Amino acid sequence: MSKKSVIIALQTLCLVLAIFVISGCSDSSNSSSNKVNTEVKKTEDPVKIWHWMTDRQEAFEKLTDQYYKETGVRVVFETYAPSDVYKNKITAAASGHLLPDVFNPQSDKKELASYIKAGYIADLTDAMNDGWKNVFFEKSLIENSFEENNEWGVKPGIYGVPLDVSSLMIYYNKDLFKQAGLDPENPPKTWPEFIDAGKKLRAAGIQPFVSGFGEAWLIGAFASSYEWSLLGKQGIIDTIDGKISYTDERWLKIFQLFEEMKNNKMFASGIVTMVNKDAERTFATGRAAMTFNGSWGINVYKSMNSSLNYGIMYPPSLPDAKYPLLVFGGDGSSMFVNGESPRKDKAIAFLKWFTQRPQQSFLAEATLNIPSNKESAQDLPEVLQEFSKSITRTFDSLPKLEAWQVTNYINLNLQSVIIGEKTPAKAVQEVQAEKLRQMKK
């Protein structure tokens, strides 16, 4: 090979090596750049929260804007409504491990336990123990906690963050009370006074009582006050365990209360087929003097009839009851952190900020819901303060639940008593028969 050929060969080799080195550097640089970009992208991914509360989206967005300005962390609330659509989306996302950073499975404790045991919901006990839990109404935390020796085998602890609280009370129309000769500032407190008020209202041509008793849970919620009042917590647990029969005189008494209301024409026409939205409209338009509804009704009635003149009262107490009268409620809407989320810590930090007094007071004013932060209750309008006071008189959490089939039988048979289809005695016998069937399974 000539000298010239050797030189050309060496030059060619150098050129190839140079291209390789440059290409390698370029690839390394691009790879490094891609890695950095990916890391930046991951850092900038927002904390996603799925919810169903369409009436609160605007307020939520104002608070997330404020949080971003304060921390640089972006949080996004995504709305899916109505609630059945939302629940279906959660179920589908869970099956594919595609849940957002924060969500609510909208389930009872049995189903909630399955989410926790599958790793979809994080244990927040340690986060709460730094003083965070002290800002909440105790009852709202209980609803999101699992006790020792719970029947679902979930590790004891706190798993949810309450955003607001609720309770169910009786609203009464002050103008209709006055029209019937009743004192609008002194509503009935005992069962006999309640029945007497109903008689006077009916005599004045006014329907005394309405509620969405076509929705089984609502009639069950009203009856629950008297279950706790007559049996107490242990009596309810003993009934679930089969130690107390549903034919017991205390259970019979509960069904007799509904029969007494029927016999005294307390109920609005069609109450057992009425959904709650129709019941709310009936009360808001002055076609019934009293209604059993939740604290969310304040917002509902404001939108339906802003001039409605109403007050709030507890369900009437029973003079011969052994235990104090309690009301259905406690936790309102809560949020749970995805145990699989890579942004779990950021989600917890946001929820901790979100539930402090300034943010909770803003939400209460904007949405007319009772804040879960007990200090914020001091900033509420008078009517909401009445509901917030009732949170201390809501039911305790139970370590076990009655079979849903039995609960359904109770509610359906209460409806049957209201329309006179069954006597209380017949109704409790059928409930007990269903209880025995479930115990044999």
# chains A, B, ... in the order shown; residues from 1 in each chain; ligands from 1

$ closest_atom_pairs --of "range 257-316 of chain A" --to "range 362-368 of chain A" --cutoff "10 Å" --atoms "only C-alpha atoms" --output "tab-separated table"
residue	atom	partner	partner_atom	distance
A:Ser295	CA	A:Leu368	CA	8.8
A:Trp296	CA	A:Leu368	CA	7.5
A:Gly297	CA	A:Leu368	CA	9.3
A:Ile298	CA	A:Leu368	CA	6.9
A:Asn299	CA	A:Leu368	CA	5.8
A:Val300	CA	A:Leu368	CA	9.5
A:Lys302	CA	A:Leu368	CA	9.7

$ select_by_dssp --residues "range 89-285 of chain A" --states "strand (DSSP E)" --output "PyMOL selection string"
chain A and resi 102-103+145-146+157-158+161-162+164-173+209-210

$ write_last_selection --atoms "N, CA and C atoms" --output "short mmCIF file (atom, residue, chain, number, x, y, z; two decimals), in the first residue's frame"
data_model
loop_
_atom_site.label_atom_id
_atom_site.label_comp_id
_atom_site.auth_asym_id
_atom_site.auth_seq_id
_atom_site.Cartn_x
_atom_site.Cartn_y
_atom_site.Cartn_z
N VAL A 102 -56.28 11.46 45.07
CA VAL A 102 -57.26 11.60 46.15
C VAL A 102 -58.64 11.30 45.60
N PHE A 103 -59.45 10.57 46.37
CA PHE A 103 -60.78 10.19 45.90
C PHE A 103 -61.62 9.75 47.09
N SER A 145 -62.42 6.12 60.56
CA SER A 145 -61.46 5.31 61.30
C SER A 145 -61.97 3.89 61.48
N PHE A 146 -61.04 3.02 61.79
CA PHE A 146 -61.39 1.64 62.12
C PHE A 146 -60.90 1.33 63.52
N GLY A 157 -56.90 2.56 62.79
CA GLY A 157 -56.28 3.81 62.39
C GLY A 157 -57.24 4.74 61.69
N ILE A 158 -56.71 5.90 61.28
CA ILE A 158 -57.50 6.91 60.57
C ILE A 158 -57.14 6.83 59.09
N VAL A 161 -59.94 11.91 55.35
CA VAL A 161 -59.88 13.31 55.76
C VAL A 161 -61.26 13.93 55.55
N PRO A 162 -61.97 14.27 56.63
CA PRO A 162 -63.30 14.89 56.46
C PRO A 162 -63.18 16.32 55.95
N ASP A 164 -66.16 18.16 55.33
CA ASP A 164 -67.26 18.83 56.02
C ASP A 164 -68.02 17.79 56.83
N VAL A 165 -68.95 18.23 57.62
CA VAL A 165 -69.75 17.33 58.45
C VAL A 165 -71.23 17.60 58.18
N SER A 166 -72.06 16.68 58.59
CA SER A 166 -73.49 16.85 58.37
C SER A 166 -74.27 16.16 59.47
N SER A 167 -75.49 16.54 59.61
CA SER A 167 -76.42 15.83 60.50
C SER A 167 -77.81 16.01 59.92
N LEU A 168 -78.72 15.17 60.35
CA LEU A 168 -80.10 15.25 59.89
C LEU A 168 -80.99 15.69 61.04
N MET A 169 -81.75 16.72 60.79
CA MET A 169 -82.64 17.29 61.80
C MET A 169 -84.00 17.54 61.15
N ILE A 170 -84.90 18.14 61.90
CA ILE A 170 -86.22 18.51 61.36
C ILE A 170 -86.25 20.01 61.13
N TYR A 171 -86.52 20.40 59.89
CA TYR A 171 -86.77 21.80 59.55
C TYR A 171 -88.26 22.06 59.75
N TYR A 172 -88.60 23.25 60.23
CA TYR A 172 -90.02 23.57 60.35
C TYR A 172 -90.28 24.99 59.84
N ASN A 173 -91.42 25.15 59.21
CA ASN A 173 -91.81 26.42 58.61
C ASN A 173 -92.47 27.30 59.68
N PHE A 209 -95.97 16.83 57.93
CA PHE A 209 -94.60 16.28 57.86
C PHE A 209 -94.33 15.67 56.50
N VAL A 210 -93.17 16.00 55.93
CA VAL A 210 -92.76 15.42 54.66
C VAL A 210 -91.28 15.05 54.73
#

$ residues_around --residues "range 244-254 of chain A" --least-positions-apart "4" --cutoff "8 Å" --atoms "only C-alpha atoms" --output "list in words"
Ala223, Tyr226, Glu227, Leu230, Leu231, Gly235, Asp238, Thr239, Ile240, Phe258, Pro424, Ala425, Val428, Gln429, Val431 and Gln432 of chain A

$ closest_residue --among "A:Glu151, A:Lys87, A:Gly420, A:Asp396" --to "Asp241 in chain A" --atoms "only C-alpha atoms"
A:Glu151

$ closest_residue --among "A:Phe222, A:His51, A:Gln415, A:Asp101" --to "Val85 in chain A" --atoms "only C-alpha atoms"
A:His51

$ residues_around --residues "Phe177 in chain A" --least-positions-apart "4" --cutoff "10 Å" --atoms "only C-alpha atoms" --output "list in words"
Tyr172, Asn173, Gly181, Leu182, Asp183, Pro184, Glu185, Asn186, Pro187, Ala197, Gly198, Lys200, Leu201, Ala204, Ile206, Pro208, Ala289, Met290 and Tyr310 of chain A

$ residues_around --residues "range 130-132 of chain A" --least-positions-apart "5" --cutoff "9 Å" --atoms "only C-alpha atoms" --output "MDAnalysis selection string"
chainID A and resid 352 355:356

$ residues_around --residues "range 75-83 of chain A" --least-positions-apart "4" --cutoff "7 Å" --atoms "only C-alpha atoms" --output "JSON, numbers by chain"
{"A": [46, 47, 48, 49, 50, 51, 52, 53, 54, 64, 87]}

$ closest_residue --among "A:Lys400, A:Lys374, A:Lys117, A:Lys109" --to "Asn144 in chain A" --atoms "only C-alpha atoms"
A:Lys109

$ residues_around --residues "Gly286 in chain A" --least-positions-apart "5" --cutoff "10 Å" --atoms "only C-alpha atoms" --output "PDB file with N, CA, C and O atoms, in the first residue's frame"
ATOM      1  N   ASN A 173     -91.419  25.150  59.209  1.00  0.00           N
ATOM      2  CA  ASN A 173     -91.812  26.416  58.607  1.00  0.00           C
ATOM      3  C   ASN A 173     -92.469  27.296  59.677  1.00  0.00           C
ATOM      4  O   ASN A 173     -93.553  26.984  60.174  1.00  0.00           O
ATOM      5  N   ASP A 175     -93.800  30.282  59.526  1.00  0.00           N
ATOM      6  CA  ASP A 175     -95.048  30.936  59.117  1.00  0.00           C
ATOM      7  C   ASP A 175     -96.230  29.978  59.200  1.00  0.00           C
ATOM      8  O   ASP A 175     -97.326  30.360  59.642  1.00  0.00           O
ATOM      9  N   LEU A 176     -96.027  28.725  58.788  1.00  0.00           N
ATOM     10  CA  LEU A 176     -97.102  27.739  58.856  1.00  0.00           C
ATOM     11  C   LEU A 176     -97.404  27.360  60.304  1.00  0.00           C
ATOM     12  O   LEU A 176     -98.560  27.100  60.659  1.00  0.00           O
ATOM     13  N   ILE A 206    -103.017  22.072  56.806  1.00  0.00           N
ATOM     14  CA  ILE A 206    -101.592  22.071  56.442  1.00  0.00           C
ATOM     15  C   ILE A 206    -101.036  20.655  56.615  1.00  0.00           C
ATOM     16  O   ILE A 206    -101.257  20.016  57.640  1.00  0.00           O
ATOM     17  N   GLN A 207    -100.316  20.165  55.614  1.00  0.00           N
ATOM     18  CA  GLN A 207     -99.667  18.860  55.757  1.00  0.00           C
ATOM     19  C   GLN A 207     -98.553  18.984  56.804  1.00  0.00           C
ATOM     20  O   GLN A 207     -97.656  19.819  56.659  1.00  0.00           O
ATOM     21  N   ARG A 281     -88.679  20.119  47.657  1.00  0.00           N
ATOM     22  CA  ARG A 281     -89.482  21.092  46.912  1.00  0.00           C
ATOM     23  C   ARG A 281     -90.831  21.321  47.612  1.00  0.00           C
ATOM     24  O   ARG A 281     -91.324  22.445  47.666  1.00  0.00           O
ATOM     25  N   ASN A 305     -86.163  28.663  47.453  1.00  0.00           N
ATOM     26  CA  ASN A 305     -87.025  29.730  47.980  1.00  0.00           C
ATOM     27  C   ASN A 305     -86.237  30.534  49.005  1.00  0.00           C
ATOM     28  O   ASN A 305     -86.236  30.214  50.198  1.00  0.00           O
ATOM     29  N   LEU A 308     -87.838  31.662  52.354  1.00  0.00           N
ATOM     30  CA  LEU A 308     -88.438  30.669  53.252  1.00  0.00           C
ATOM     31  C   LEU A 308     -88.045  30.966  54.702  1.00  0.00           C
ATOM     32  O   LEU A 308     -86.864  31.081  55.026  1.00  0.00           O
ATOM     33  N   ASN A 309     -89.043  31.072  55.559  1.00  0.00           N
ATOM     34  CA  ASN A 309     -88.820  31.394  56.964  1.00  0.00           C
ATOM     35  C   ASN A 309     -88.915  30.101  57.782  1.00  0.00           C
ATOM     36  O   ASN A 309     -89.998  29.608  58.066  1.00  0.00           O
TER      37      ASN A 309
END

$ closest_atom_pairs --of "range 352-404 of chain A" --to "range 311-317 of chain A" --cutoff "9 Å" --atoms "only C-alpha atoms" --output "CSV"
residue,atom,partner,partner_atom,distance
A:Val383,CA,A:Ile312,CA,7.5
A:Glu386,CA,A:Ile312,CA,7.3
A:Phe387,CA,A:Ile312,CA,8.1
A:Ser390,CA,A:Tyr314,CA,8.5

$ write_last_selection --atoms "N, CA, C and O atoms" --output "PDB file, in the first residue's frame"
ATOM      1  N   VAL A 383     -77.998  29.575  61.456  1.00  0.00           N
ATOM      2  CA  VAL A 383     -78.689  28.323  61.173  1.00  0.00           C
ATOM      3  C   VAL A 383     -77.698  27.172  60.999  1.00  0.00           C
ATOM      4  O   VAL A 383     -77.954  26.046  61.422  1.00  0.00           O
ATOM      5  N   GLU A 386     -76.486  25.889  64.379  1.00  0.00           N
ATOM      6  CA  GLU A 386     -77.392  24.940  65.016  1.00  0.00           C
ATOM      7  C   GLU A 386     -77.065  23.515  64.584  1.00  0.00           C
ATOM      8  O   GLU A 386     -77.071  22.596  65.395  1.00  0.00           O
ATOM      9  N   PHE A 387     -76.795  23.356  63.312  1.00  0.00           N
ATOM     10  CA  PHE A 387     -76.426  22.022  62.836  1.00  0.00           C
ATOM     11  C   PHE A 387     -75.063  21.601  63.374  1.00  0.00           C
ATOM     12  O   PHE A 387     -74.861  20.437  63.726  1.00  0.00           O
ATOM     13  N   SER A 390     -75.162  20.058  66.687  1.00  0.00           N
ATOM     14  CA  SER A 390     -75.741  18.712  66.743  1.00  0.00           C
ATOM     15  C   SER A 390     -74.724  17.621  66.441  1.00  0.00           C
ATOM     16  O   SER A 390     -74.992  16.439  66.680  1.00  0.00           O
TER      17      SER A 390
END

$ atom_distance --atom1 "CA of Gly72 in chain A" --atom2 "CA of Arg357 in chain A"
21.0 Å

$ select_by_dssp --residues "range 261-427 of chain A" --states "helix (DSSP H, G or I)" --output "ChimeraX atom specification"
/A:261-263,271-273,276-284,297-304,344-354,357-367,376-379,382-393,404-418,424-427

$ decode --residues "range 232-279 of chain A" --atoms "N, CA and C atoms" --output "CSV table (one decimal), in the first residue's frame"
chain,number,residue,atom,x,y,z
A,232,GLY,N,-79.8,1.9,72.9
A,232,GLY,CA,-78.5,2.2,73.1
A,232,GLY,C,-77.5,1.5,72.2
A,233,LYS,N,-76.2,1.9,72.2
A,233,LYS,CA,-75.2,1.3,71.3
A,233,LYS,C,-75.1,-0.2,71.5
A,234,GLN,N,-75.0,-0.6,72.8
A,234,GLN,CA,-74.8,-2.1,73.0
A,234,GLN,C,-76.1,-2.9,72.6
A,235,GLY,N,-77.2,-2.3,72.8
A,235,GLY,CA,-78.4,-3.0,72.4
A,235,GLY,C,-78.5,-3.2,70.9
A,236,ILE,N,-78.0,-2.2,70.1
A,236,ILE,CA,-78.0,-2.4,68.7
A,236,ILE,C,-76.9,-3.4,68.3
A,237,ILE,N,-75.8,-3.4,68.9
A,237,ILE,CA,-74.8,-4.5,68.7
A,237,ILE,C,-75.3,-5.8,69.0
A,238,ASP,N,-76.0,-6.0,70.1
A,238,ASP,CA,-76.6,-7.2,70.5
A,238,ASP,C,-77.6,-7.7,69.5
A,239,THR,N,-78.4,-6.8,68.9
A,239,THR,CA,-79.3,-7.1,67.9
A,239,THR,C,-78.6,-7.7,66.7
A,240,ILE,N,-77.5,-7.0,66.3
A,240,ILE,CA,-76.8,-7.5,65.1
A,240,ILE,C,-76.2,-8.9,65.4
A,241,ASP,N,-75.8,-9.1,66.6
A,241,ASP,CA,-75.2,-10.4,67.0
A,241,ASP,C,-76.3,-11.5,67.2
A,242,GLY,N,-77.6,-11.1,67.1
A,242,GLY,CA,-78.7,-12.1,67.3
A,242,GLY,C,-79.1,-12.3,68.7
A,243,LYS,N,-78.5,-11.5,69.7
A,243,LYS,CA,-78.8,-11.7,71.1
A,243,LYS,C,-80.2,-11.1,71.5
A,244,ILE,N,-80.6,-10.1,70.7
A,244,ILE,CA,-81.9,-9.4,70.9
A,244,ILE,C,-82.7,-9.6,69.6
A,245,SER,N,-83.9,-10.0,69.8
A,245,SER,CA,-84.8,-10.2,68.6
A,245,SER,C,-85.4,-8.9,68.1
A,246,TYR,N,-85.7,-8.9,66.9
A,246,TYR,CA,-86.4,-7.7,66.3
A,246,TYR,C,-87.9,-7.7,66.8
A,247,THR,N,-88.3,-8.8,67.4
A,247,THR,CA,-89.7,-8.8,68.0
A,247,THR,C,-89.7,-8.2,69.4
A,248,ASP,N,-88.5,-7.9,69.9
A,248,ASP,CA,-88.4,-7.2,71.2
A,248,ASP,C,-89.2,-6.0,71.3
A,249,GLU,N,-89.8,-5.7,72.5
A,249,GLU,CA,-90.7,-4.6,72.6
A,249,GLU,C,-90.2,-3.3,72.2
A,250,ARG,N,-88.8,-3.1,72.3
A,250,ARG,CA,-88.2,-1.8,72.0
A,250,ARG,C,-88.2,-1.6,70.5
A,251,TRP,N,-87.9,-2.7,69.7
A,251,TRP,CA,-88.0,-2.6,68.3
A,251,TRP,C,-89.5,-2.4,67.8
A,252,LEU,N,-90.4,-3.1,68.5
A,252,LEU,CA,-91.8,-3.0,68.2
A,252,LEU,C,-92.2,-1.5,68.4
A,253,LYS,N,-91.7,-0.9,69.4
A,253,LYS,CA,-92.1,0.5,69.8
A,253,LYS,C,-91.7,1.5,68.6
A,254,ILE,N,-90.6,1.2,68.0
A,254,ILE,CA,-90.1,2.0,66.9
A,254,ILE,C,-91.1,2.0,65.7
A,255,PHE,N,-91.6,0.8,65.4
A,255,PHE,CA,-92.6,0.7,64.3
A,255,PHE,C,-93.9,1.3,64.7
A,256,GLN,N,-94.2,1.3,66.0
A,256,GLN,CA,-95.5,1.9,66.5
A,256,GLN,C,-95.4,3.4,66.4
A,257,LEU,N,-94.2,4.0,66.5
A,257,LEU,CA,-94.1,5.4,66.4
A,257,LEU,C,-94.6,5.9,65.0
A,258,PHE,N,-94.2,5.1,64.0
A,258,PHE,CA,-94.6,5.4,62.6
A,258,PHE,C,-96.1,5.2,62.4
A,259,GLU,N,-96.6,4.2,63.1
A,259,GLU,CA,-98.1,3.9,63.0
A,259,GLU,C,-98.8,5.1,63.7
A,260,GLU,N,-98.3,5.6,64.8
A,260,GLU,CA,-98.9,6.7,65.5
A,260,GLU,C,-99.0,8.0,64.6
A,261,MET,N,-97.9,8.2,63.9
A,261,MET,CA,-97.9,9.3,63.0
A,261,MET,C,-98.9,9.1,61.9
A,262,LYS,N,-99.0,7.9,61.3
A,262,LYS,CA,-100.0,7.6,60.3
A,262,LYS,C,-101.4,7.8,60.8
A,263,ASN,N,-101.7,7.3,62.0
A,263,ASN,CA,-103.1,7.4,62.6
A,263,ASN,C,-103.5,8.9,62.8
A,264,ASN,N,-102.5,9.7,63.1
A,264,ASN,CA,-102.8,11.1,63.3
A,264,ASN,C,-102.6,12.0,62.1
A,265,LYS,N,-102.5,11.3,60.9
A,265,LYS,CA,-102.4,12.0,59.6
A,265,LYS,C,-101.3,13.0,59.5
A,266,MET,N,-100.1,12.6,60.1
A,266,MET,CA,-98.9,13.4,60.1
A,266,MET,C,-98.3,13.5,58.7
A,267,PHE,N,-98.3,12.4,58.0
A,267,PHE,CA,-97.5,12.3,56.8
A,267,PHE,C,-98.2,13.0,55.6
A,268,ALA,N,-97.3,13.6,54.8
A,268,ALA,CA,-97.7,14.2,53.5
A,268,ALA,C,-98.1,13.1,52.5
A,269,SER,N,-99.0,13.5,51.6
A,269,SER,CA,-99.5,12.5,50.7
A,269,SER,C,-98.3,12.0,49.8
A,270,GLY,N,-98.3,10.6,49.6
A,270,GLY,CA,-97.3,10.0,48.8
A,270,GLY,C,-95.9,9.9,49.4
A,271,ILE,N,-95.8,10.0,50.7
A,271,ILE,CA,-94.4,10.2,51.3
A,271,ILE,C,-93.6,8.9,51.1
A,272,VAL,N,-94.2,7.7,51.0
A,272,VAL,CA,-93.4,6.5,50.9
A,272,VAL,C,-92.9,6.3,49.4
A,273,THR,N,-93.3,7.1,48.5
A,273,THR,CA,-92.8,7.0,47.1
A,273,THR,C,-92.0,8.2,46.7
A,274,MET,N,-91.9,9.1,47.7
A,274,MET,CA,-91.3,10.4,47.4
A,274,MET,C,-89.8,10.4,47.5
A,275,VAL,N,-89.1,10.8,46.5
A,275,VAL,CA,-87.6,11.0,46.6
A,275,VAL,C,-87.3,12.3,47.3
A,276,ASN,N,-86.1,12.4,47.9
A,276,ASN,CA,-85.9,13.6,48.7
A,276,ASN,C,-85.9,14.9,48.0
A,277,LYS,N,-85.6,14.9,46.7
A,277,LYS,CA,-85.6,16.2,46.0
A,277,LYS,C,-87.0,16.7,45.9
A,278,ASP,N,-88.0,15.8,45.7
A,278,ASP,CA,-89.4,16.2,45.7
A,278,ASP,C,-89.9,16.6,47.1
A,279,ALA,N,-89.4,16.0,48.1
A,279,ALA,CA,-89.8,16.4,49.5
A,279,ALA,C,-89.2,17.7,49.8
